[in-house]
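What follows is one structure encoded as structure tokens, with my remarks underneath.
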Amino acid sequence: MSGVNDIIRTYLIAQKDGVDLHYAFIDEDFEAPETDESFDPTYMKALYKYGYDNARQGFEWHKSPPIVGSRARNSR
């Protein structure tokens, strides 16, 4: 929840200052095997590939946190 709070706080500051917020996050479509390891190279490679593939395909930047509501998925 700390990361979620950071995004919300950053979003609110951007709104107050009149600047756009553009960010990306790991969405629900990311799939990787569960692990109990504190650092799992297989998981990390899958995570990197997910981000790399999304960037290569031209993903849409998010402009507000999903928790804010229907405006959460504004494109670039």
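Naming scheme: A, B, ... for chains in displayed order of the structure tokens; residues 1 onward per chain; ligands 1 onward as shown.
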(request) Show which residues sit within 9 Å of Glu31 of chain A, as number ranges by chain. Count only C-alpha atoms, and ignore same-chain residues fewer than 6 positions away. (result) A: 46-47, 50
Take the residues that were just selected and, keeping N, CA and C atoms, output them as an mmCIF file, in the first residue's frame.
data_model
loop_
_atom_site.group_PDB
_atom_site.id
_atom_site.type_symbol
_atom_site.label_atom_id
_atom_site.label_comp_id
_atom_site.auth_asym_id
_atom_site.auth_seq_id
_atom_site.Cartn_x
_atom_site.Cartn_y
_atom_site.Cartn_z
ATOM 1 N N ALA A 46 11.049 -12.588 -16.283
ATOM 2 C CA ALA A 46 9.672 -12.487 -16.789
ATOM 3 C C ALA A 46 9.146 -11.059 -16.615
ATOM 4 N N LEU A 47 9.448 -10.445 -15.482
ATOM 5 C CA LEU A 47 9.022 -9.073 -15.213
ATOM 6 C C LEU A 47 9.673 -8.096 -16.195
ATOM 7 N N TYR A 50 8.102 -8.526 -19.622
ATOM 8 C CA TYR A 50 6.774 -7.910 -19.630
ATOM 9 C C TYR A 50 6.888 -6.406 -19.913
#
(message) Neighbouring residues of Tyr11 of chain A were defined as those with any atom within 12 Å, considering only C-alpha atoms; residues of the same chain fewer than 6 positions away were excluded. Please report them as JSON, numbers by chain.
(response) {"A": [4, 5, 17, 18, 19, 20, 21, 22, 23, 62, 63, 64, 65, 66, 67, 68, 72]}
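Between atom CA of Ile26 of chain A and atom CA of Gly3 of chain A the separation is 12.2 Å.
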(request) Can you check which residues of segment 5-74 of chain A DSSP gives as alpha helix (DSSP H) on the backbone and send them as a VMD selection string? (result) chain A and resid 5 to 17 41 to 56
